[in-house]
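K.L.:
Structure below; questions to follow.
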Amino acid sequence: MPISRAITTRRRRMSATLLATLLAIALLASCSLGGGSAGSSASTAKTVVLATHDSWAMSPKVLREFTRRSGYTVKVEKNGDAGALTNKLVLTKGSPIADATFGIDNTFASRAVDQGVLTAYRAPHRPRSAASYALPDPKEAARMTPIDYGDVCVNIDDVWFRKHRVTPPRTLDDLARPAYRNLFVTPGATTSSPGLAFLLATIAKYGKDWPAYWRRLMANGTKLTSGWSDAYDVDFTAGGGHGSRPIVLSYASSPPFTIPKGASRPTTSALLDTCFRQVEYAGVLAGARDPAGAKAFVDFMTQRSFQAALPENMYVFPVDRSVSLPPDWAKFARTASKPFTVPPAEIARNRDTWLRQWGEITSR
Amino acid sequence: MSRQTSTRWSSGLGLLALAAVPLAVLGVFFVLPVAGMVGRGFFTSGSFDPVGVLEILGRGQVRRVLWFTLWASTAATAVTVVLGVPVTFVLHRLRLPGRRVLRAFVVMPFVMPTVVVGVAFRTLVASSGPLGRWHLDGTPVAIIAAMVFFNLAVVVRTVGALWGGLDRRREEAAAALGASPVQVLRTVTLPALMPGIVSAASVVFLFCASSFGVVLTLGGLRYSTVETEIYLLTTQFLDLRAASALSVLQLVVVCALLYVAQRTRTAQEQVLDRAGHRHTTRRPCARDWPVLSVTAGVLAFLAAPLVTLVARSLQVDGGWSLQSYRALTTTGPGGALLVTASQALANSWRVAVDATLLAMLLGVLVSVVVSRRPRAPLERRGLAVLDALFMLPLGVSAVTVGFGFLVTLDRPPLDLRSSVLLVPIAQAMVALPLVVRTLSPVLRSVDPRQRQAAASLGASPLRVLVTVDLPTLWRPLLAATGFAFAVSLGEFGATSFLVRPDRPTLPVVIYQLVSRPGEQSFGMAMAASVVLGTVTVAAMGLVERVRIGSLGTL
């Protein structure tokens with residue numbers, strides 16, 4: 001019976017194929033998340049969950065030290081920028097996504113506290129120098145412990161100014177002068193937190209007249225980008241993209257990163273009369289599953305090992321002034337002696353109005 | 001009569017059972033979060049206030065944003081289709097040397113992280129760049145060009161899956177009867193491809209309308225779309241009412257679009273002769289020069305930003321070096337990353353395997369169901385709704401879905417916020433519409449009489465599927481698998497929202513690297529993007545080479 005034999009062999013071949021396919025799927029699955037040991041992170045040890053922003057970075061060594069001291073392991077949950085982080089915490093305050101939080105800054109602190117996201121806790125052994133970074137409002141200060149700060153400042157490409165024999169700018173006023181036409185690039189205030197800090201610097205400087213200043217700035221050919229990396233890496237002459245603008249909004253800690261190989265000095269510098277100081281805070285979330293662990297981690301963030309690791313990991317300055325900075329920082333990352341400030345409560349009250357107004361001025 | 005009714009009923013129930021799993025997944029991971037988030041906007045201080053939401057839709061800003069979203073997406077979709085169809089022809093119908101590599105190359109842009117492509121595009125169009133004198137930086141032209149760049153792959157893949165298996169004899173017959181090439185194209189080829197083209201165009205439109213990074217980066221904050229508005233309103237202003245209003249608006253637009261697409265597609269649907277294992281390609285000849293030159297132009301357009309990326313990944317301190325690539329096995333300058341880029345790639349790979357399996361499983365189920373042709377109009381309408389339902393995730397704001405996850409999936413029995421499976425599930429939801437859009441036009445083009453013939457000869461439904469549908473579907477299945485894999489490897493929006501920081505995927509690491517100061521980090525980000533693109537292209541190329549010989553001849 002040749003026909004029936006042909007049919008059986010074919011059927012056999014078919015089942016062999018199906019078997020092969022199934023095997024292949026099984027193999028694939030074994031190198032997937034579900035199949036491996038991936039999901040089985042033994043949760044016998046105590047875990048504290050930290051909600052933070054995307055710029056969080058901390059060396060595993062430092063975090064292990066926390067585990068050794070407290071018995072807790074830290075699980076880090078990143079949640080967008082400081083704004084997105086704050087808003088997520090507000091939206092989930094009934095059942096918080098974490099135990100502790102780090103990264104809400106002085107521009108968002110009031111919203112977080114007003115909305116009842118945080119419970120009253122302040123690290124008891126915080127360094128003495130931290131006091132000068134505490135929030136002015138007592139209710140806010142009782143809930144948020146300052147951890148680090150960074151100055152958002154206008155940076156310039158010194159090499160470009162030397163080569164073109166142009167006197168570099170020094171102040172916010174200078175940026176609107178014709179001599180610096182089409183030379184400045186900054187990330188936008190609505191899409192970038194350094195961008196918002198710069199807007200606040202101009203509000204601190206010009207008060208009610210800030211819209212007029214921004215109109216002059218825009219008329220002078222200021223370029224807006226959506227994010228910091230876009231401004232620094234594409235448009236800035238000293239960034240990776242070799243752009244066409246030698247003035248950029250960045251941080252006081254940026255210059256050390258522009259020391260060329262073999263050289264000893266950076267090619268850029270920060271204008272210290274243009275800075276806005278961002279202070280980042282940590283706190284214990286209301287309704288935290290493990291408040292004791294949250295408190296332990298907030299304490300740990302104020303202590304020496306964590307404080308000393310901040311510059312290298314997150315490019316910010318520790319609030320503990322007694323820890324020593326990395327050598328390049330000590331030399332080239334200076335901070336503003338008189339940074340611009342706007343009281344957090346005032347920011348909370350006016351942020352939306354300011355941003356809408358800013359959006360209208362800049363989108364024309 | 002009663003027997004007929006009962007079979008129809010049982011077939012209807014069978015279809016429903018097939019659709020039940022995908023529907024449940026969609027319900028939990030899409031409908032519930034979106035409803036939760038939009039619902040919050042409708043309640044002001046505890047009371048239901050729909051009027052307040054509707055008032056927002058009357059604002060001038062909303063009208064402006066909607067208008068820009070619609071026209072920019074329409075323009076980008078039109079350009080993508082017009083350029084994509086000739087490229088599909090060349091890559092799927094002409095026996096061009098290296099066409100497999102080119103096919104894989106076309107998909108590369110689709111998986112490149114937006115933030116990196118944004119930088120590459122801006123390097124080209126910025127006033128100091130090679131295209132600087134055209135002053136495109138910050139204009140809608142730059143935004144639309146980037147949308148086309150990202151989405152050409154969708155057209156080439158979806159239409160290619162249909163076109164690649166199309167029998168050439170109909171066209172040849174028309175030509176033999178004296179039709180000119182243009183007539184053949186107009187009367188035979190295009191009508192046959194129309195369902196695929198409409199499918200692809202609707203996907204492209206949804207991708208464009210919901211694109212976000214591209215608009216922010218290339219528009220220089222001067223242009224906003226519904227998507228970028230929702231992002232700003234939710235993450236910066238915490239204005240949930242306005243965000244809800246815009247989310248509803250987005251849903252309305254998407255539904256309208258899907259309705260139109262559905263109408264056009266059903267009007268065009270026809271049974272097609274499949275080529276089986278006959279040759280569907282031919283040698284290029286002299287009269288192909290118009291399509292060949294369009295393809296060359298398109299490939300150059302796709303290559304330009306990619307070349308910029310490669311160049312920047314190889315530049316260190318003004319010289320050429322592989323240092324950025326070597327750094328991928330480290331945790332970056334100062335050990336800033338939690339895992340090395342190579343570990344992140346391994347994570348990406350694992351997640352992609354899961355996401356692809358899930359997307360294919362659900363996608364095949366959905367495609368089989370929606371490509372049936374029931375006689376009762378009610379059933380047919382039901383299927384159309386079902387079909388559209390699975391497209392919705394592409395058109396609705398990732399921010400709304402992401403925040404929705406947080407506010408709805410937070411308590412038992414659905415306490416899923418920190419589950420490892422969330423990332424593959426979210427990616428599968430993005431890949432699913434593409435899988436369905438690749439498979440269902442092909443399934444619909446299978447002659448139902450073949451299935452009926454097989455069934456009347458006593459074949460079980462499973463047997464019918466294996467002997468009639470699977471042989472035609474084999475190639476599109478591989479194409480869809482490769483595509484789903486690529487989507488998952490490149491997905492950033494939902495992933496960055498849900499991923500566990502100790503297990504980041506490569507796009508997430510690239511994003512972290514780009515947002516850190518220092519040329520070293522930047523070089524690493526560029527190198528990692530090149531690696532991501534290359535791995536994706538290689539993986540897709542391999543998937544397409546898989547052939548199980550015996551199945552094709554059954």
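Please note that chains go A, B, ... in the order of the structure tokens, that every chain numbers its residues from 1, and that ligands are numbered from 1 in the order shown.
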Can I get the residues of chain B within 7 Å of chain A, each with the closest pair of atoms and their distance in Å to one decimal, using only C-alpha atoms, sorted chain first then ascending number, as a Markdown table?

P.N.:
| residue | atom | partner | partner_atom | distance |
| --- | --- | --- | --- | --- |
| B:Val119 | CA | A:Asp230 | CA | 6.4 |
| B:Arg122 | CA | A:Val234 | CA | 6.9 |
| B:Thr123 | CA | A:Val234 | CA | 5.9 |
| B:Ser127 | CA | A:Ser244 | CA | 6.9 |
| B:Ser128 | CA | A:Ser244 | CA | 5.5 |
| B:Leu216 | CA | A:Ser226 | CA | 5.6 |
| B:Thr217 | CA | A:Ser226 | CA | 5.4 |
| B:Gly220 | CA | A:Thr225 | CA | 4.9 |
| B:Leu221 | CA | A:Ser226 | CA | 6.2 |
| B:Arg222 | CA | A:Ser363 | CA | 4.9 |
| B:Thr235 | CA | A:Ala84 | CA | 4.5 |
| B:Gln236 | CA | A:Gly83 | CA | 5.6 |
| B:Phe237 | CA | A:Asp352 | CA | 6.2 |
| B:Leu238 | CA | A:Asn87 | CA | 6.4 |
| B:Gly334 | CA | A:Glu312 | CA | 6.2 |
| B:Gly335 | CA | A:Ser59 | CA | 6.9 |
| B:Ala336 | CA | A:Asn313 | CA | 5.5 |
| B:Leu337 | CA | A:Ala57 | CA | 6.7 |
| B:Arg350 | CA | A:Ser32 | CA | 4.5 |
| B:Val351 | CA | A:Leu33 | CA | 6.4 |
| B:Val353 | CA | A:Ser32 | CA | 6.0 |
| B:Asp354 | CA | A:Ser32 | CA | 5.8 |
| B:Leu406 | CA | A:Thr92 | CA | 7.0 |
| B:Val407 | CA | A:Thr92 | CA | 6.0 |
| B:Val420 | CA | A:Gly39 | CA | 6.7 |
| B:Phe497 | CA | A:Asn79 | CA | 6.7 |
| B:Arg500 | CA | A:Glu77 | CA | 6.7 |
| B:Pro501 | CA | A:Glu77 | CA | 6.3 |
| B:Val514 | CA | A:Ser229 | CA | 6.3 |
| B:Ser515 | CA | A:Ser229 | CA | 5.5 |
| B:Pro517 | CA | A:Ser254 | CA | 6.7 |
| B:Gly518 | CA | A:Phe257 | CA | 5.1 |
| B:Glu519 | CA | A:Gly240 | CA | 5.7 |

K.L.:
Would you export the selected residues with C-alpha atoms as a compact mmCIF listing (two decimals), in the first residue's frame, please?

P.N.:
# COMPACT_ATOMS: atom_id res chain seq x y z
CA VAL B 119 20.56 63.43 18.63
CA ARG B 122 19.82 66.99 15.05
CA THR B 123 23.54 66.55 14.42
CA SER B 127 23.23 74.77 11.76
CA SER B 128 26.71 73.30 12.23
CA LEU B 216 10.05 67.08 21.69
CA THR B 217 13.59 66.63 20.42
CA GLY B 220 12.52 72.37 19.81
CA LEU B 221 9.46 72.72 22.09
CA ARG B 222 7.70 74.87 19.54
CA THR B 235 4.19 64.71 34.76
CA GLN B 236 4.66 68.45 35.20
CA PHE B 237 1.32 70.11 35.90
CA LEU B 238 -0.50 67.18 37.49
CA GLY B 334 33.06 56.10 37.39
CA GLY B 335 30.99 52.91 37.53
CA ALA B 336 27.85 54.95 37.12
CA LEU B 337 25.66 52.18 35.72
CA ARG B 350 15.53 37.60 27.66
CA VAL B 351 12.70 40.07 27.89
CA VAL B 353 12.07 36.29 23.99
CA ASP B 354 9.22 36.38 26.49
CA LEU B 406 0.42 52.46 39.03
CA VAL B 407 -3.02 53.52 40.19
CA VAL B 420 9.06 40.84 36.50
CA PHE B 497 8.29 53.03 33.23
CA ARG B 500 13.41 47.05 37.48
CA PRO B 501 16.54 49.15 37.86
CA VAL B 514 22.96 59.96 27.20
CA SER B 515 21.72 61.91 30.18
CA PRO B 517 27.80 64.41 31.46
CA GLY B 518 31.08 63.60 29.75
CA GLU B 519 32.04 62.54 26.26

K.L.:
For Val446 (chain B), list every protein, DNA or RNA residue within 10 Å, evaluated using only C-alpha atoms, and leave out those in the same chain fewer than 5 positions away; present the list as a list in words.

P.N.:
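So the residues in contact are Gln270, Val271, Leu272, Asp273, Arg274, Ser371, Pro441, Arg451, Val468, Asp469, Thr472 and Leu473 of chain B.
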
K.L.:
Do you have the CA of Ala286 (chain A)-CA of Val117 (chain A) distance handy?

P.N.:
5.7 Å

K.L.:
With only C-alpha atoms as the basis for distance, which of B:Ala20, B:Val115, B:Ala528, B:Ala426 is at the shortest distance from Tyr511 (chain B)?

P.N.:
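Looking only at the distances to Tyr511 (chain B), the closest residue turns out to be B:Val115.
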
K.L.:
Which distance in Å separates CA of Leu83 (chain B) and CA of Thr158 (chain B), to one decimal?

P.N.:
14.0 Å

K.L.:
Go ahead and compute the interatomic distance for CA of Ser529 (chain B) and CA of Gly402 (chain B), in Å to one decimal.

P.N.:
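Atom-to-atom, CA of Ser529 (chain B) and CA of Gly402 (chain B) are spaced 24.5 Å apart.
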
K.L.:
Would you return as a VMD selection string the members of region 307-497 of chain B that DSSP assigns to helix (DSSP H, G or I) on this structure's backbone?

P.N.:
chain B and resid 307 to 313 323 to 329 333 to 335 341 to 370 377 to 389 392 to 395 398 to 408 422 to 444 448 to 456 461 to 490 493 to 497

K.L.:
Contacts of Val254 (chain B) at 8 Å or less, counting only C-alpha atoms, minus same-chain residues fewer than 3 places along, as a count of residues only?

P.N.:
8

K.L.:
Ile104 (chain A): which residues within 9 Å, counting only C-alpha atoms, same-chain residues fewer than 2 positions away excluded, as a PyMOL selection string?

P.N.:
chain A and resi 52-53+82-83+85-86+101-102+106-109+112+144+279-283

K.L.:
Which residues of region 220-321 of chain B sit at most 9 Å from region 382-388 of chain B, using only C-alpha atoms? Give each one's shortest atom pair and distance in Å (one decimal place), in chain and ascending residue order, as a tab-separated table.

P.N.:
residue	atom	partner	partner_atom	distance
B:Cys255	CA	B:Ala388	CA	7.6
B:Leu258	CA	B:Ala388	CA	6.2
B:Tyr259	CA	B:Ala388	CA	7.9
B:Gln262	CA	B:Ala384	CA	7.4

K.L.:
Measuring atom to atom with only C-alpha atoms, identify which of A:Thr145, A:Ser337, A:Ser324, A:Asn182 is nearest to Pro127 (chain A).

P.N.:
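Of A:Thr145, A:Ser337, A:Ser324, A:Asn182, the one nearest Pro127 (chain A) is A:Thr145, counting only C-alpha atoms.
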
K.L.:
Can you work out which one of A:Arg349, A:Trp214, A:Arg165, A:Ala308 has the shortest atom-to-atom distance to Arg321 (chain A), counting only C-alpha atoms?

P.N.:
A:Ala308

K.L.:
Write down as a PyMOL selection string the residues belonging to region 12-247 of chain A that are assigned strand (DSSP E or B) by DSSP computed on the backbone.

P.N.:
chain A and resi 46-52+72-78+100-105+118-119+145-157+184-187+223-225+236+245+247

K.L.:
Counting only C-alpha atoms, which of A:Met218, A:Leu63, A:Arg304, A:Pro318 gets nearest to Leu338 (chain B)?

P.N.:
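That would be A:Leu63, the residue with the smallest distance to Leu338 (chain B).
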